[in-house]
>>> print(open('coords.cif').read())   # mmCIF, C-alpha atoms and all ligand atoms
data_input
loop_
_atom_site.label_atom_id
_atom_site.label_comp_id
_atom_site.auth_asym_id
_atom_site.auth_seq_id
_atom_site.Cartn_x
_atom_site.Cartn_y
_atom_site.Cartn_z
CA MET A 1 27.23 19.70 97.19
CA GLY A 2 26.61 17.72 100.38
CA ILE A 3 29.62 16.87 102.57
CA LEU A 4 30.25 13.34 103.79
CA ASN A 5 33.45 12.93 105.79
CA ILE A 6 34.27 9.28 106.47
CA THR A 7 36.78 10.24 109.14
CA PRO A 8 37.08 10.02 112.93
CA ASP A 9 38.43 13.58 113.21
CA SER A 10 36.76 16.03 110.81
CA PHE A 11 36.02 19.29 112.58
CA SER A 12 32.23 19.07 112.55
CA ASP A 13 31.05 15.63 111.35
CA GLY A 14 34.03 13.52 112.49
CA GLY A 15 32.97 10.01 113.56
CA MET A 16 29.39 10.32 112.29
CA TYR A 17 29.80 8.27 109.12
CA VAL A 18 32.31 5.52 109.91
CA ASP A 19 29.60 2.90 109.22
CA PRO A 20 29.30 2.80 105.39
CA GLN A 21 25.56 2.08 105.51
CA VAL A 22 24.94 5.13 107.70
CA ALA A 23 27.07 7.22 105.32
CA ILE A 24 25.22 5.99 102.23
CA GLU A 25 21.84 6.72 103.83
CA ALA A 26 23.04 10.21 104.78
CA GLY A 27 24.22 10.87 101.22
CA LEU A 28 20.90 9.70 99.78
CA THR A 29 19.07 12.00 102.21
CA MET A 30 21.23 14.93 101.07
CA VAL A 31 20.19 14.25 97.48
CA LYS A 32 16.51 14.04 98.49
CA CYS A 33 16.94 17.42 100.20
CA GLY A 34 18.29 19.01 97.03
CA ALA A 35 22.01 18.25 96.72
CA GLY A 36 23.16 17.78 93.13
CA LEU A 37 26.24 15.88 94.22
CA VAL A 38 27.88 14.45 97.33
CA ASP A 39 31.53 15.05 98.27
CA VAL A 40 33.07 12.00 99.98
CA GLY A 41 36.35 12.39 101.88
CA GLY A 42 38.47 10.05 104.00
CA GLU A 43 41.04 12.47 105.44
CA SER A 44 40.41 15.60 107.49
CA THR A 45 42.12 18.76 106.27
CA ARG A 46 41.37 20.81 109.37
CA PRO A 47 44.40 22.73 110.68
CA GLY A 48 46.76 20.29 112.40
CA ALA A 49 44.98 17.12 111.19
CA ALA A 50 47.00 13.90 110.97
CA THR A 51 47.71 12.47 107.51
CA VAL A 52 46.12 9.17 106.49
CA ALA A 53 47.83 6.39 104.48
CA VAL A 54 46.54 5.73 100.95
CA GLU A 55 45.24 2.24 101.79
CA GLU A 56 43.39 3.47 104.87
CA GLU A 57 41.81 6.40 102.98
CA ILE A 58 40.64 4.04 100.22
CA LYS A 59 39.25 1.58 102.78
CA ARG A 60 37.21 4.34 104.40
CA ILE A 61 35.64 5.84 101.30
CA LEU A 62 35.30 3.06 98.71
CA PRO A 63 32.17 1.28 100.04
CA VAL A 64 30.43 4.64 100.39
CA ILE A 65 31.34 5.77 96.87
CA GLU A 66 30.25 2.42 95.42
CA GLY A 67 26.96 2.57 97.30
CA LEU A 68 26.12 6.14 96.30
CA ALA A 69 27.34 5.91 92.70
CA GLY A 70 25.46 2.59 92.36
CA ALA A 71 22.29 4.43 93.43
CA GLY A 72 22.85 7.03 90.70
CA VAL A 73 24.28 9.81 92.88
CA ILE A 74 26.97 12.05 91.39
CA VAL A 75 29.92 11.62 93.73
CA SER A 76 33.00 13.77 94.07
CA VAL A 77 36.03 12.48 95.94
CA ASP A 78 37.74 14.89 98.33
CA THR A 79 41.37 13.80 98.17
CA SER A 80 44.79 15.10 97.24
CA LYS A 81 46.30 11.65 96.68
CA PRO A 82 46.36 10.35 93.08
CA GLY A 83 46.17 6.70 94.28
CA VAL A 84 43.01 7.43 96.25
CA ALA A 85 41.45 9.45 93.42
CA GLU A 86 42.14 6.65 90.95
CA ALA A 87 40.43 4.04 93.16
CA ALA A 88 37.51 6.41 93.76
CA VAL A 89 37.00 7.09 90.05
CA ALA A 90 37.14 3.34 89.33
CA ALA A 91 34.42 2.93 91.99
CA GLY A 92 32.19 5.50 90.28
CA ALA A 93 33.25 8.98 91.45
CA ARG A 94 32.80 11.54 88.67
CA VAL A 95 34.57 14.55 90.16
CA ILE A 96 37.99 14.90 91.83
CA ASN A 97 38.03 17.61 94.51
CA ASP A 98 41.68 18.31 95.30
CA VAL A 99 42.31 20.81 98.10
CA THR A 100 45.93 21.10 96.93
CA GLY A 101 44.72 22.36 93.55
CA PHE A 102 46.12 19.61 91.30
CA GLY A 103 49.74 20.50 92.09
CA SER A 104 50.74 16.87 91.54
CA PRO A 105 51.39 15.98 87.88
CA ASP A 106 49.98 12.49 88.56
CA MET A 107 46.69 14.02 89.69
CA ALA A 108 46.51 16.22 86.58
CA ARG A 109 47.27 13.21 84.35
CA LEU A 110 44.57 11.20 86.08
CA ALA A 111 41.98 13.94 85.56
CA ALA A 112 42.98 14.14 81.91
CA SER A 113 42.84 10.40 81.30
CA ARG A 114 39.35 9.93 82.82
CA ASP A 115 36.26 11.89 81.89
CA VAL A 116 35.88 13.55 85.31
CA GLY A 117 35.30 17.00 86.73
CA ALA A 118 38.16 18.72 88.57
CA VAL A 119 37.73 21.09 91.53
CA VAL A 120 40.87 23.22 91.83
CA MET A 121 41.12 24.73 95.30
CA HIS A 122 43.58 27.31 96.61
CA MET A 123 45.52 26.55 99.77
CA LYS A 124 48.52 28.46 101.11
CA GLY A 125 50.93 26.07 102.82
CA LYS A 126 50.02 22.67 104.25
CA PRO A 127 47.10 21.80 106.57
CA ARG A 128 49.37 21.20 109.56
CA THR A 129 50.81 24.73 109.55
CA MET A 130 48.62 26.74 107.18
CA GLN A 131 46.99 28.86 109.90
CA ASP A 132 50.34 30.01 111.36
CA ASN A 133 50.18 33.68 110.45
CA PRO A 134 49.37 33.53 106.70
CA VAL A 135 50.44 36.70 104.87
CA TYR A 136 49.35 38.02 101.46
CA GLY A 137 49.95 41.21 99.50
CA ASP A 138 46.46 41.21 98.00
CA VAL A 139 44.73 37.95 98.87
CA VAL A 140 42.15 38.05 96.05
CA THR A 141 44.76 38.78 93.37
CA GLU A 142 47.08 36.05 94.65
CA VAL A 143 44.33 33.43 94.93
CA GLY A 144 43.07 34.35 91.45
CA GLN A 145 46.56 34.06 89.94
CA PHE A 146 47.07 30.67 91.59
CA LEU A 147 43.72 29.33 90.35
CA ARG A 148 44.33 30.59 86.81
CA ALA A 149 47.80 29.00 86.71
CA ARG A 150 46.55 25.66 88.02
CA ALA A 151 43.58 25.64 85.62
CA ASP A 152 45.98 26.42 82.75
CA GLY A 153 48.16 23.53 83.92
CA LEU A 154 45.21 21.15 83.85
CA ILE A 155 44.25 22.26 80.35
CA ALA A 156 47.87 21.78 79.21
CA ALA A 157 47.73 18.26 80.69
CA GLY A 158 44.66 17.53 78.55
CA VAL A 159 41.70 18.30 80.83
CA SER A 160 38.86 20.01 79.03
CA ALA A 161 38.20 23.58 80.25
CA ASP A 162 34.53 22.87 80.85
CA SER A 163 35.42 20.15 83.38
CA ILE A 164 37.16 22.65 85.65
CA VAL A 165 35.70 24.33 88.75
CA VAL A 166 37.71 26.76 90.92
CA ASP A 167 37.48 27.35 94.67
CA PRO A 168 39.14 30.14 96.69
CA GLY A 169 39.68 27.71 99.61
CA ILE A 170 37.97 29.48 102.49
CA GLY A 171 39.97 28.77 105.68
CA PHE A 172 42.98 27.20 103.97
CA GLY A 173 45.97 29.35 104.95
CA LYS A 174 43.83 32.45 105.49
CA THR A 175 42.82 34.64 108.43
CA PRO A 176 39.12 35.54 108.92
CA ALA A 177 39.90 38.93 107.32
CA HIS A 178 41.34 37.18 104.23
CA ASN A 179 38.27 34.92 104.00
CA LEU A 180 35.84 37.84 104.27
CA GLU A 181 37.77 39.79 101.64
CA LEU A 182 37.60 36.78 99.29
CA LEU A 183 33.86 36.42 99.88
CA ASN A 184 33.23 40.12 99.29
CA ARG A 185 35.35 40.25 96.13
CA LEU A 186 34.20 36.87 94.77
CA PRO A 187 33.26 38.40 91.39
CA GLU A 188 37.01 38.76 90.72
CA ILE A 189 37.35 34.97 91.05
CA VAL A 190 34.20 34.43 88.95
CA GLN A 191 35.87 36.51 86.22
CA LEU A 192 38.41 33.74 85.70
CA GLY A 193 35.66 32.12 83.63
CA TYR A 194 35.18 28.85 85.56
CA PRO A 195 32.25 27.92 87.81
CA VAL A 196 33.16 28.87 91.39
CA LEU A 197 32.70 26.50 94.33
CA LEU A 198 32.43 27.92 97.84
CA GLY A 199 33.26 26.00 101.02
CA THR A 200 32.28 28.08 104.03
CA SER A 201 30.25 25.44 105.83
CA ARG A 202 30.49 25.73 109.63
CA LYS A 203 33.99 27.22 109.35
CA SER A 204 35.64 29.22 112.10
CA THR A 205 35.48 32.51 110.19
CA LEU A 206 31.75 32.41 111.01
CA LYS A 207 32.62 31.98 114.68
CA SER A 208 34.99 34.94 114.48
CA ILE A 209 31.95 37.09 113.67
CA THR A 210 29.13 35.52 115.71
CA GLY A 211 31.06 33.94 118.58
CA GLU A 212 29.20 30.61 118.12
CA PRO A 213 31.61 27.95 119.42
CA ASP A 214 29.65 24.86 118.19
CA PRO A 215 30.29 24.13 114.48
CA LYS A 216 26.95 22.27 114.20
CA ALA A 217 25.13 25.42 115.29
CA ARG A 218 26.57 27.37 112.35
CA ASP A 219 24.31 26.05 109.55
CA GLY A 220 22.13 29.18 109.53
CA GLN A 221 25.30 31.27 109.34
CA THR A 222 26.55 29.08 106.48
CA ALA A 223 23.26 29.62 104.63
CA ILE A 224 23.84 33.38 104.73
CA THR A 225 27.20 32.93 103.00
CA THR A 226 25.48 30.66 100.48
CA ALA A 227 22.97 33.39 99.58
CA LEU A 228 25.58 36.14 99.41
CA GLY A 229 27.96 33.85 97.52
CA PHE A 230 25.28 33.08 94.94
CA GLU A 231 24.54 36.77 94.54
CA ARG A 232 28.24 37.34 93.91
CA GLY A 233 28.42 34.58 91.30
CA ALA A 234 29.40 31.31 93.06
CA ARG A 235 27.51 28.30 91.69
CA ILE A 236 28.41 25.28 93.82
CA PHE A 237 28.14 25.33 97.61
CA ARG A 238 29.87 22.65 99.67
CA VAL A 239 27.74 22.29 102.81
CA HIS A 240 27.11 19.91 105.70
CA ASP A 241 23.43 20.85 106.02
CA VAL A 242 21.73 20.74 102.64
CA PRO A 243 18.17 21.94 103.51
CA SER A 244 19.23 25.30 104.97
CA SER A 245 21.51 26.15 102.05
CA ARG A 246 18.93 24.92 99.55
CA ASP A 247 16.39 27.35 101.02
CA ALA A 248 18.99 30.13 100.99
CA LEU A 249 19.68 29.47 97.32
CA LEU A 250 16.00 29.41 96.40
CA ILE A 251 15.41 32.74 98.11
CA ALA A 252 18.57 34.34 96.72
CA ALA A 253 17.72 33.14 93.21
CA ALA A 254 14.11 34.28 93.48
CA ILE A 255 15.43 37.78 94.22
CA VAL A 256 18.46 38.15 91.97
CA ALA A 257 17.91 35.50 89.25
CA PRO A 258 14.14 34.94 88.88
CA GLN A 259 14.52 33.03 85.62
CA ARG A 260 16.87 30.51 87.20
CA TRP A 261 14.53 30.24 90.17
CA GLU A 262 11.64 29.37 87.85
CA GLU A 263 13.77 26.68 86.19
CA TRP A 264 14.52 25.20 89.62
CA GLN A 265 10.78 25.00 90.35
CA LEU A 266 10.42 22.73 87.33
CA ASP A 267 13.16 20.30 88.45
N1 LIG A 301 36.87 22.44 102.89
C1 LIG A 301 37.15 21.32 103.58
C2 LIG A 301 37.44 20.13 102.90
N2 LIG A 301 37.39 20.07 101.55
N3 LIG A 301 37.07 21.13 99.46
C3 LIG A 301 36.80 22.23 98.75
N4 LIG A 301 36.78 22.19 97.42
N5 LIG A 301 36.54 23.44 99.37
C4 LIG A 301 36.55 23.57 100.73
O1 LIG A 301 36.35 24.70 101.23
C5 LIG A 301 36.84 22.41 101.51
C6 LIG A 301 37.11 21.18 100.83
C7 LIG A 301 37.17 21.37 105.06
O2 LIG A 301 35.92 21.11 105.63
P1 LIG A 301 35.38 19.70 106.15
O3 LIG A 301 35.44 18.66 105.09
O4 LIG A 301 34.04 19.90 106.72
O5 LIG A 301 36.31 19.33 107.36
P2 LIG A 301 37.57 18.38 107.50
O6 LIG A 301 38.63 18.86 106.57
O7 LIG A 301 37.95 18.51 108.95
O8 LIG A 301 37.16 16.98 107.15
#
>>> encode(input="coords.cif", output="structure tokens")
Amino acid sequence: MGILNITPDSFSDGGMYVDPQVAIEAGLTMVKCGAGLVDVGGESTRPGAATVAVEEEIKRILPVIEGLAGAGVIVSVDTSKPGVAEAAVAAGARVINDVTGFGSPDMARLAASRDVGAVVMHMKGKPRTMQDNPVYGDVVTEVGQFLRARADGLIAAGVSADSIVVDPGIGFGKTPAHNLELLNRLPEIVQLGYPVLLGTSRKSTLKSITGEPDPKARDGQTAITTALGFERGARIFRVHDVPSSRDALLIAAAIVAPQRWEEWQLD
């Protein structure tokens, strides 16, 4: 999953894709490099980010979604606002990626009424304050319980189970130690029975280990989490730099899942 943030303030690609044509070209390049889908967002969720009005978020992302979907790209929309998701789906998005985990009944109803995929992500608190000393008993157990409850809620609302993907929400209301624990014990999230999406790309937990201050210099570090995440059962990787994570996946699969690797060679 390639990341395309149509925002002025995202933590690593903010301001790069404000011109829709530039964004569409970048999305098409991601697909050429091996992305199976492109995640388009119009509001940063980095800690402390300002909220964006529905109309403004739609204005940012709609031309890009139309352009990519029109070219046959599978697009997911990264939003927690039902009004934005509805406009995005009408413009051709086929997946709703909600970092608030479909807590809003309107969002669950929307996913049920359209034939779309639903990415259910865990976040503790709200973006503005989520990194203020987050505390868990056992982070993996709590994240797993949250994801199971939200997935159950979606199914009760009428979403089909095979449209659901879960995501532990790396960096969303978690310390580096919480994030590393989630990555190490990912098989416990995989056991929920849904495909697992991992979003580690360029995040500050990597910096907490390597000391690298520049997010754009963390793609190699991201690729390592992609390989280890695959080995532990994750199946979708949300990344800014597609080629490095594609290579990581090919190598990881060649080692731990040779049959899958051979299938990928045929694609
Ligand atoms: N991370 C970000 C945004 N959306 N969605 C899912 N499902 N999982 C994630 O881990 C995730 C996400 C934050 O990263 P980014 O989009 O690069 O930055 P920003 O929020 O500043 O736009």
>>> atom_distance(input="coords.cif", atom1="CA of Asp78 in chain A", atom2="CA of Asp19 in chain A")
18.1 Å
>>> residues_near_point(input="coords.cif", point="(32.9, 23.5, 108.8)", cutoff="10 Å", atoms="all atoms listed in the file", output="PyMOL selection string")
chain A and resi 3+10-13+46+171+199-206+215-216+218-219+222+238-240
>>> axis_aligned_box(input="coords.cif", around="range 105-112 of chain A", padding_each_side="6 Å", output="lines of an AutoDock Vina configuration file")
center_x = 46.7
center_y = 13.7
center_z = 85.8
size_x = 21.4
size_y = 17.0
size_z = 19.8
>>> residues_around(input="coords.cif", residues="Glu25 in chain A", least_positions_apart="3", cutoff="12 Å", atoms="only C-alpha atoms", output="VMD selection string")
chain A and resid 4 16 to 17 19 to 22 28 to 32 38 64 to 65 67 to 68 71 73
>>> atom_distance(input="coords.cif", atom1="CA of Gly125 in chain A", atom2="CA of Ala50 in chain A")
15.2 Å
>>> atom_distance(input="coords.cif", atom1="CA of Val140 in chain A", atom2="CA of Thr45 in chain A")
21.8 Å
>>> closest_residue(input="coords.cif", among="A:Asn179, A:Ser163, A:Ser244, A:Gln191", to="Arg148 in chain A", atoms="all atoms listed in the file")
A:Gln191
>>> closest_residue(input="coords.cif", among="A:Gly70, A:Gly158, A:Pro213, A:Gly48", to="Ser113 in chain A", atoms="all atoms listed in the file")
A:Gly158
>>> residues_around(input="coords.cif", residues="Pro168 in chain A", least_positions_apart="3", cutoff="9 Å", atoms="all atoms listed in the file", output="PyMOL selection string")
chain A and resi 120-123+140+143-144+147+172+179+182-183+186+189+196-199
>>> closest_residue(input="coords.cif", among="A:Pro127, A:Pro195, A:Pro63, A:Pro82", to="Pro105 in chain A", atoms="only C-alpha atoms")
A:Pro82
>>> residues_around(input="coords.cif", residues="Gln265 in chain A", least_positions_apart="3", cutoff="12 Å", atoms="only C-alpha atoms", output="PyMOL selection string")
chain A and resi 34+250-251+253-254+258-262
>>> residues_around(input="coords.cif", residues="Val52 in chain A", least_positions_apart="6", cutoff="9 Å", atoms="only C-alpha atoms", output="list in words")
Gly42, Glu43 and Ser44 of chain A
>>> residues_around(input="coords.cif", residues="range 97-100 of chain A", least_positions_apart="2", cutoff="9 Å", atoms="all atoms listed in the file", output="list in words")
Asp39, Thr45, Ser76, Val77, Asp78, Thr79, Ser80, Lys81, Ala85, Val95, Phe102, Gly103, Ser104, Met107, Gly117, Ala118, Val119, Val120, Met121, His122, Met123, Lys124, Lys126, Asp167, Gly169 and Phe172 of chain A
